[in-house]
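Asker: My structure is stored as protein24.txt, with compact mmCIF, C-alpha atoms.
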# COMPACT_ATOMS: atom_id res chain seq x y z
CA MET B 1 0.00 0.00 0.00
CA THR B 2 1.28 3.46 -0.88
CA SER B 3 1.90 5.60 2.20
CA GLU B 4 0.72 9.19 2.55
CA LYS B 5 4.37 10.24 2.69
CA SER B 6 5.08 8.72 -0.70
CA LYS B 7 2.13 10.61 -2.20
CA GLU B 8 3.61 13.95 -1.18
CA ARG B 9 5.30 15.84 -3.99
CA PRO B 10 8.60 17.71 -3.47
CA LEU B 11 7.83 21.42 -3.49
CA VAL B 12 9.92 24.55 -3.27
CA SER B 13 9.87 26.39 0.05
CA PHE B 14 7.27 29.09 0.66
CA ASP B 15 9.84 31.78 1.39
CA TRP B 16 11.57 31.26 -1.96
CA ALA B 17 8.23 31.08 -3.77
CA LEU B 18 7.05 34.35 -2.21
CA LYS B 19 10.03 36.17 -3.70
CA ARG B 20 10.12 34.40 -7.08
CA LEU B 21 6.77 32.92 -8.12
CA LEU B 22 3.85 34.12 -6.02
CA ARG B 23 4.12 37.82 -6.87
CA ASN B 24 2.85 36.92 -10.35
CA LYS B 25 -0.84 37.78 -10.60
CA ALA B 26 -1.58 34.40 -12.17
CA ASN B 27 -0.32 32.77 -8.97
CA HIS B 28 -2.10 35.01 -6.44
CA GLU B 29 -4.55 32.19 -5.72
CA VAL B 30 -1.90 30.50 -3.55
CA VAL B 31 -1.29 33.46 -1.23
CA GLU B 32 -5.01 34.32 -1.26
CA GLY B 33 -5.75 30.80 -0.06
CA PHE B 34 -3.23 31.05 2.79
CA LEU B 35 -4.55 34.45 3.88
CA SER B 36 -8.17 33.30 3.66
CA GLU B 37 -7.49 30.32 5.92
CA LEU B 38 -5.52 32.40 8.44
CA LEU B 39 -7.87 35.41 8.58
CA SER B 40 -11.02 33.21 8.37
CA ARG B 41 -12.50 35.29 5.55
CA PRO B 42 -12.19 35.32 1.77
CA VAL B 43 -9.18 37.41 0.74
CA THR B 44 -8.57 38.67 -2.78
CA ILE B 45 -5.27 40.36 -3.60
CA LYS B 46 -5.81 43.65 -5.39
CA SER B 47 -2.12 44.34 -5.91
CA VAL B 48 1.37 43.48 -4.70
CA LEU B 49 2.88 46.65 -3.31
CA GLU B 50 6.35 48.09 -3.40
CA SER B 51 7.27 48.85 0.18
CA GLU B 52 9.87 51.09 1.73
CA SER B 53 10.29 48.18 4.15
CA ASN B 54 11.79 46.21 1.28
CA ARG B 55 14.57 48.71 0.70
CA GLU B 56 17.61 49.71 2.61
CA HIS B 57 18.34 53.31 3.51
CA PRO B 58 21.28 54.80 5.39
CA GLY B 59 20.36 55.08 9.05
CA ASP B 60 17.11 53.16 8.59
CA LYS B 61 16.25 50.02 10.54
CA HIS B 62 16.47 46.81 8.55
CA ASN B 63 12.96 45.42 8.15
CA ARG B 64 12.30 43.30 5.12
CA ALA B 65 8.79 41.99 4.47
CA ASP B 66 8.85 39.16 1.96
CA VAL B 67 5.61 40.41 0.44
CA VAL B 68 3.27 43.35 1.02
CA VAL B 69 -0.16 43.23 -0.58
CA GLU B 70 -3.32 45.29 -0.72
CA ASP B 71 -6.53 43.28 -0.55
CA ASP B 72 -9.92 43.99 -2.08
CA ARG B 73 -10.91 45.91 1.07
CA GLY B 74 -8.02 48.31 0.56
CA GLU B 75 -6.28 46.92 3.65
CA ILE B 76 -2.56 46.16 3.82
CA ILE B 77 -1.16 42.72 4.60
CA LEU B 78 2.52 42.12 5.37
CA ILE B 79 3.88 38.58 5.25
CA GLU B 80 7.34 37.93 6.61
CA LEU B 81 9.29 34.73 7.18
CA GLN B 82 12.09 34.70 9.72
CA PHE B 83 14.45 31.78 10.35
CA ILE B 84 16.93 33.35 12.76
CA LEU B 85 16.19 34.36 16.33
CA GLU B 86 16.10 38.11 16.93
CA MET B 87 15.62 39.18 20.54
CA ASP B 88 13.85 42.36 19.45
CA TYR B 89 11.63 40.72 16.85
CA PHE B 90 8.45 41.93 18.59
CA GLN B 91 9.66 45.52 18.16
CA ARG B 92 10.54 44.72 14.57
CA MET B 93 6.93 43.65 14.00
CA LEU B 94 5.72 46.94 15.51
CA TYR B 95 8.12 48.95 13.38
CA GLY B 96 7.10 47.19 10.18
CA ALA B 97 3.36 47.60 10.79
CA SER B 98 3.73 51.24 11.84
CA LYS B 99 5.83 52.07 8.79
CA ALA B 100 3.39 50.33 6.46
CA ALA B 101 0.54 52.34 8.00
CA VAL B 102 2.10 55.71 7.21
CA GLU B 103 4.40 55.23 4.21
CA ARG B 104 1.54 55.41 1.70
CA MET B 105 0.07 58.58 3.14
CA VAL B 106 0.56 61.72 1.11
CA GLN B 107 1.38 64.91 2.97
CA GLY B 108 -1.89 66.64 3.75
CA ASP B 109 -3.94 63.41 3.81
CA ARG B 110 -6.45 63.01 6.61
CA TYR B 111 -5.77 60.38 9.24
CA MET B 112 -8.76 58.42 8.01
CA GLU B 113 -6.66 57.54 4.96
CA ILE B 114 -4.47 55.28 7.13
CA LYS B 115 -5.17 51.69 6.15
CA LYS B 116 -5.82 48.71 8.39
CA ILE B 117 -2.64 46.64 8.70
CA TYR B 118 -2.27 42.89 9.14
CA SER B 119 1.23 41.81 10.14
CA ILE B 120 1.72 38.10 9.50
CA ASN B 121 4.94 36.68 10.88
CA ILE B 122 5.98 33.12 10.07
CA VAL B 123 8.87 32.27 12.38
CA TYR B 124 11.02 29.15 12.63
CA PHE B 125 12.39 29.78 16.11
CA ASP B 126 10.96 29.99 19.62
CA LEU B 127 9.65 33.56 19.78
CA GLY B 128 8.65 34.38 23.33
CA HIS B 129 7.49 31.73 25.80
CA GLY B 130 4.38 29.85 24.69
CA LYS B 131 3.40 26.38 23.52
CA ASP B 132 0.78 27.30 20.90
CA TYR B 133 1.75 27.63 17.25
CA VAL B 134 -0.65 30.41 16.16
CA TYR B 135 -0.98 33.65 18.10
CA LEU B 136 -3.14 36.72 17.39
CA GLY B 137 -2.40 40.14 18.84
CA ARG B 138 -4.87 43.00 18.53
CA THR B 139 -5.72 46.25 20.31
CA ASP B 140 -8.71 46.41 22.68
CA PHE B 141 -9.98 49.58 24.35
CA ARG B 142 -11.57 48.34 27.56
CA GLY B 143 -13.14 50.33 30.36
CA MET B 144 -11.05 50.30 33.52
CA HIS B 145 -14.18 50.18 35.71
CA ASP B 146 -16.87 48.30 33.80
CA HIS B 147 -14.53 46.43 31.38
CA GLU B 148 -16.77 47.46 28.47
CA ILE B 149 -15.22 47.29 25.00
CA LEU B 150 -15.13 50.73 23.35
CA LYS B 151 -17.11 50.64 20.11
CA LEU B 152 -17.21 53.03 17.18
CA SER B 153 -20.10 55.44 16.76
CA LYS B 154 -22.72 54.75 14.09
CA GLU B 155 -21.15 57.39 11.86
CA GLN B 156 -17.67 55.95 12.35
CA HIS B 157 -19.03 52.46 11.63
CA ARG B 158 -20.55 53.78 8.41
CA ILE B 159 -17.27 55.39 7.32
CA PHE B 160 -14.80 52.66 8.32
CA GLY B 161 -16.92 49.53 8.22
CA LYS B 162 -15.61 48.45 11.63
CA ILE B 163 -17.39 47.79 14.93
CA GLU B 164 -14.85 48.28 17.73
CA ALA B 165 -12.30 51.08 18.06
CA GLY B 166 -9.56 48.46 18.19
CA ASP B 167 -10.60 47.14 14.78
CA LEU B 168 -8.90 50.16 13.20
CA TYR B 169 -5.51 49.18 14.63
CA PRO B 170 -2.97 46.68 13.29
CA GLU B 171 -3.45 42.99 13.95
CA TYR B 172 -0.42 40.77 14.46
CA TYR B 173 -0.29 37.08 13.65
CA ILE B 174 2.61 34.90 14.77
CA LEU B 175 2.93 31.39 13.36
CA LYS B 176 5.52 29.48 15.39
CA ILE B 177 6.07 26.75 12.84
CA ASN B 178 8.38 24.58 14.93
CA ASN B 179 5.70 24.27 17.63
CA PHE B 180 3.31 22.50 15.24
CA ASN B 181 2.94 18.79 16.06
CA ASP B 182 2.25 17.74 12.43
CA VAL B 183 -1.35 16.73 13.19
CA ALA B 184 -3.46 18.66 10.68
CA GLN B 185 -6.89 18.97 12.26
CA THR B 186 -7.98 22.10 10.35
CA THR B 187 -7.37 23.55 6.91
CA LEU B 188 -5.10 26.18 8.52
CA ASP B 189 -3.11 23.30 10.01
CA GLU B 190 -2.69 21.93 6.50
CA TRP B 191 -1.01 25.19 5.51
CA ILE B 192 1.22 25.11 8.58
CA TYR B 193 2.20 21.53 7.75
CA PHE B 194 3.28 22.77 4.32
CA LEU B 195 5.18 25.72 5.83
CA LYS B 196 7.02 23.30 8.11
CA HIS B 197 7.81 20.51 5.65
CA ASP B 198 7.50 22.07 2.13
CA ARG B 199 5.09 19.24 1.33
CA ILE B 200 1.35 18.96 0.66
CA ARG B 201 -0.38 15.70 1.45
CA ALA B 202 -2.74 14.26 -1.16
CA ASP B 203 -5.71 14.49 1.23
CA PHE B 204 -5.26 18.22 1.99
CA SER B 205 -8.08 20.52 0.87
CA ALA B 206 -7.20 23.98 2.25
CA ARG B 207 -7.75 26.94 -0.04
CA GLY B 208 -4.73 27.65 -2.23
CA LEU B 209 -2.95 24.34 -1.62
CA LEU B 210 -4.24 22.66 -4.78
CA LYS B 211 -2.80 25.52 -6.84
CA ALA B 212 0.38 25.49 -4.75
CA ARG B 213 0.85 21.79 -5.47
CA ASP B 214 1.24 22.66 -9.16
CA ILE B 215 2.97 26.05 -9.03
CA LEU B 216 5.55 25.05 -6.41
CA ASP B 217 6.38 21.68 -7.96
CA TYR B 218 10.16 21.64 -8.17
CA SER B 219 10.11 19.50 -11.31
CA ARG B 220 8.23 22.25 -13.17
CA LEU B 221 10.79 24.97 -12.54
CA SER B 222 12.94 26.21 -15.38
CA PRO B 223 16.64 25.24 -15.30
CA GLU B 224 17.49 28.79 -14.20
CA GLU B 225 14.90 28.69 -11.39
CA LYS B 226 16.13 25.29 -10.23
CA ALA B 227 19.71 26.55 -10.12
CA ASP B 228 18.71 29.65 -8.15
CA TYR B 229 16.56 27.62 -5.75
CA ASP B 230 19.23 24.97 -5.17
CA TYR B 231 21.85 27.62 -4.52
CA GLU B 232 19.68 29.53 -2.06
CA GLN B 233 18.72 26.36 -0.19
CA SER B 234 22.36 25.35 -0.02
CA VAL B 235 23.31 28.73 1.43
CA LYS B 236 20.44 28.55 3.91
CA SER B 237 21.34 25.02 5.04
CA HIS B 238 25.01 25.90 5.36
CA ASN B 239 24.37 28.99 7.44
CA LEU B 240 21.73 27.35 9.63
CA SER B 241 24.25 24.61 10.28
CA GLN B 242 26.81 27.23 11.27
CA ILE B 243 24.33 28.84 13.65
CA ALA B 244 23.56 25.48 15.25
CA SER B 245 27.29 24.91 15.71
CA ALA B 246 27.68 28.39 17.16
CA LYS B 247 25.02 27.65 19.77
CA GLU B 248 26.97 24.56 20.75
CA THR B 249 30.28 26.40 21.05
CA GLY B 250 29.04 29.84 22.06
CA LYS B 251 30.37 31.53 18.92
CA SER B 252 27.54 33.96 18.33
CA GLU B 253 29.55 35.84 15.70
CA VAL B 254 28.53 33.17 13.19
CA GLU B 255 24.95 34.41 13.40
CA ALA B 256 26.13 37.90 12.51
CA LYS B 257 28.02 36.43 9.56
CA TYR B 258 24.87 34.61 8.43
CA SER B 259 22.81 37.78 8.59
CA LYS B 260 25.46 39.62 6.59
CA THR B 261 25.49 36.86 3.96
CA LEU B 262 21.71 37.07 3.56
CA GLU B 263 21.81 40.86 3.30
CA GLU B 264 24.51 40.64 0.62
CA LYS B 265 22.46 38.08 -1.31
CA ASP B 266 19.34 40.24 -1.00
CA ARG B 267 21.28 43.18 -2.44
CA ALA B 268 22.58 41.02 -5.29
CA ILE B 269 19.05 39.81 -6.06
CA GLU B 270 17.77 43.39 -5.94
CA GLU B 271 20.48 44.55 -8.36
CA LYS B 272 19.65 41.64 -10.67
CA GLY B 273 16.00 42.65 -10.55
CA LYS B 274 16.92 46.22 -11.50
CA VAL B 275 18.90 44.98 -14.51
CA ILE B 276 15.96 42.85 -15.65
CA GLU B 277 13.59 45.79 -15.15
CA GLU B 278 15.83 48.06 -17.25
CA LYS B 279 15.93 45.44 -20.01
CA GLU B 280 12.13 45.17 -19.93
CA LYS B 281 11.83 48.95 -20.19
CA ALA B 282 14.22 48.97 -23.15
CA LEU B 283 12.17 46.28 -24.90
CA GLU B 284 8.98 48.26 -24.26
CA GLU B 285 10.57 51.37 -25.78
CA LYS B 286 11.67 49.33 -28.79
CA ASP B 287 8.15 47.93 -29.19
CA ARG B 288 6.68 51.42 -29.06
CA ALA B 289 9.20 52.64 -31.66
CA LEU B 290 8.30 49.73 -33.98
CA GLU B 291 4.63 50.47 -33.47
CA GLU B 292 5.14 54.14 -34.38
CA LYS B 293 7.15 53.10 -37.43
CA GLY B 294 4.34 50.74 -38.45
CA LYS B 295 1.81 53.54 -38.14
CA ALA B 296 4.02 55.82 -40.26
CA LEU B 297 4.27 53.13 -42.96
CA GLU B 298 0.49 52.67 -42.95
CA GLU B 299 0.06 56.41 -43.36
CA LYS B 300 2.56 56.40 -46.21
CA ASP B 301 0.64 53.55 -47.89
CA ARG B 302 -2.58 55.53 -47.61
CA GLU B 303 -0.92 58.55 -49.20
CA ILE B 304 0.36 56.40 -52.08
CA GLU B 305 -3.11 54.89 -52.63
CA ALA B 306 -4.66 58.36 -52.63
CA LEU B 307 -2.07 59.53 -55.18
CA LYS B 308 -2.78 56.50 -57.38
CA ARG B 309 -6.50 57.25 -57.35
CA LEU B 310 -5.80 60.89 -58.20
CA LEU B 311 -3.60 59.89 -61.15
CA SER B 312 -6.16 57.39 -62.44
CA ILE B 313 -8.85 60.10 -62.44
CA LYS B 314 -6.66 62.39 -64.48
Could I get this file's structure written as structure tokens?

Answerer:
Amino acid sequence: MTSEKSKERPLVSFDWALKRLLRNKANHEVVEGFLSELLSRPVTIKSVLESESNREHPGDKHNRADVVVEDDRGEIILIELQFILEMDYFQRMLYGASKAAVERMVQGDRYMEIKKIYSINIVYFDLGHGKDYVYLGRTDFRGMHDHEILKLSKEQHRIFGKIEAGDLYPEYYILKINNFNDVAQTTLDEWIYFLKHDRIRADFSARGLLKARDILDYSRLSPEEKADYDYEQSVKSHNLSQIASAKETGKSEVEAKYSKTLEEKDRAIEEKGKVIEEKEKALEEKDRALEEKGKALEEKDREIEALKRLLSIK
């Protein structure tokens, strides 16, 4: 009898896919499925956003979200994967959500233009002290005497579509992947199983996973994508191994070296993306020039035809 394990197909990791495959609009169904299961509501991605959080600036704090999207409600969702322990990661979450809330405001905008933020953090280390594997953090305004939850007025509810005052504030999700016991009791658990093992069991039915099973199939990658993926996984494995060794020997400087290596690779990937973007722009300009030339030739043909008709009349 074929085991469930043998039915699983080797898939590329979610973090690599977020940066390479899932930004493509044709593949949004995968991320939409994950977000729908996590947020317990249908989520449609309106657009993938460029974020200041994805760029490095002198004097700025390093905060890289793997993907920032705007959903069909106009709300902002940040998804970040983190493999290395950072003692101040909770503050990093706060910084990222706060920056996302204000970086799209134009000077002179009213505060009501600030969008609702969802900060989704997928971590592969023990963040804080807790045994659960999914945590939700949100803001509640509660009376100090009667413990009543502060709600929005009818007019505010009409404008913002929210019920409680805290609904306007960022929500933080932490998925502590290593705490998951591999028993998938819900469709969200099926996603967490995939995030932990890079595999999707044949009996899984969570939204987005069926599409992910095809898109993230390693065997379907191009030779260039396979080479890039293999290299990145090799670097990740090597550096994670170094960090594990450092914990054994107390050589914490290896972790700093790993972080530096990742930052250097991110910069190299960013530069490569810029080169590709410039090439695409050049091709677009060439296409426009050819189109204009085609239009000029058509106009010339019309002039020749008109001249022929004029000569035939004479």

Asker: Which residue gives the smallest distance to Asp66 (chain B) among B:Asp266, B:Asp167, B:Asp287, B:Asp182, with all atoms listed in the file counted?

Answerer: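 So, comparing all the options, the nearest one is B:Asp266.
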
Asker: May I ask for the distance between CA of Tyr95 (chain B) and CA of Phe125 (chain B), given in Å to one decimal place?

Answerer: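 Interatomic distance here is 19.8 Å.
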
Asker: Do you have the CA of Arg309 (chain B)-CA of Ala296 (chain B) distance handy?

Answerer: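 Spanning CA of Arg309 (chain B) to CA of Ala296 (chain B) is a straight-line distance of 20.1 Å.
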
Asker: Of the candidates B:Asp146, B:Glu190, B:Glu164, B:Asp132, which one gets nearest to Gly33 (chain B) if we count only C-alpha atoms?

Answerer: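 Once distances to Gly33 (chain B) are computed over only C-alpha atoms, the minimum belongs to B:Glu190.
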
Asker: Give the padded box for region 221-234 of chain B as lines of an AutoDock Vina configuration file: axis-aligned, covering all atoms listed in the file, 5 Å on each side, centre and edge lengths in Å to one decimal.

Answerer:
center_x = 16.6
center_y = 27.3
center_z = -7.7
size_x = 21.6
size_y = 14.7
size_z = 25.4

Asker: Using only C-alpha atoms, which residues sit within 12 Å of Asp72 (chain B) once same-chain residues fewer than 3 positions away are excluded, as a compact mmCIF listing (two decimals) with C-alpha atoms, in the frame of the given file?

Answerer:
# COMPACT_ATOMS: atom_id res chain seq x y z
CA GLU B 32 -5.01 34.32 -1.26
CA ARG B 41 -12.50 35.29 5.55
CA PRO B 42 -12.19 35.32 1.77
CA VAL B 43 -9.18 37.41 0.74
CA THR B 44 -8.57 38.67 -2.78
CA ILE B 45 -5.27 40.36 -3.60
CA LYS B 46 -5.81 43.65 -5.39
CA SER B 47 -2.12 44.34 -5.91
CA VAL B 48 1.37 43.48 -4.70
CA VAL B 69 -0.16 43.23 -0.58
CA GLU B 75 -6.28 46.92 3.65
CA ILE B 76 -2.56 46.16 3.82
CA ILE B 77 -1.16 42.72 4.60

Asker: Which residue gives the smallest distance to Tyr133 (chain B) among B:Leu78, B:Leu310, B:Ala202, B:Ile177, with only C-alpha atoms counted?

Answerer: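 Among the listed residues, the smallest separation from Tyr133 (chain B) belongs to B:Ile177.
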
Asker: Report the distance between CA of Lys279 (chain B) and CA of Ala26 (chain B) in Å, rounded to one decimal place.

Answerer: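 Interatomic distance, CA of Lys279 (chain B) to CA of Ala26 (chain B): 22.1 Å.
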
Asker: Which residues come within 12 Å of Asp140 (chain B), counting only C-alpha atoms, excluding same-chain residues fewer than 6 positions away, as a list in words?

Answerer: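 Within the cut-off, the hits are His147, Glu148, Ile149, Leu150, Lys151, Ile163, Glu164, Ala165, Gly166, Asp167, Leu168, Tyr169, Pro170 and Glu171 of chain B.
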
Asker: Using C-alpha atoms, can you export the residues from the last selection as a CSV table (one decimal), in the frame of the given file?

Answerer:
chain,number,residue,atom,x,y,z
B,147,HIS,CA,-14.5,46.4,31.4
B,148,GLU,CA,-16.8,47.5,28.5
B,149,ILE,CA,-15.2,47.3,25.0
B,150,LEU,CA,-15.1,50.7,23.4
B,151,LYS,CA,-17.1,50.6,20.1
B,163,ILE,CA,-17.4,47.8,14.9
B,164,GLU,CA,-14.8,48.3,17.7
B,165,ALA,CA,-12.3,51.1,18.1
B,166,GLY,CA,-9.6,48.5,18.2
B,167,ASP,CA,-10.6,47.1,14.8
B,168,LEU,CA,-8.9,50.2,13.2
B,169,TYR,CA,-5.5,49.2,14.6
B,170,PRO,CA,-3.0,46.7,13.3
B,171,GLU,CA,-3.4,43.0,14.0
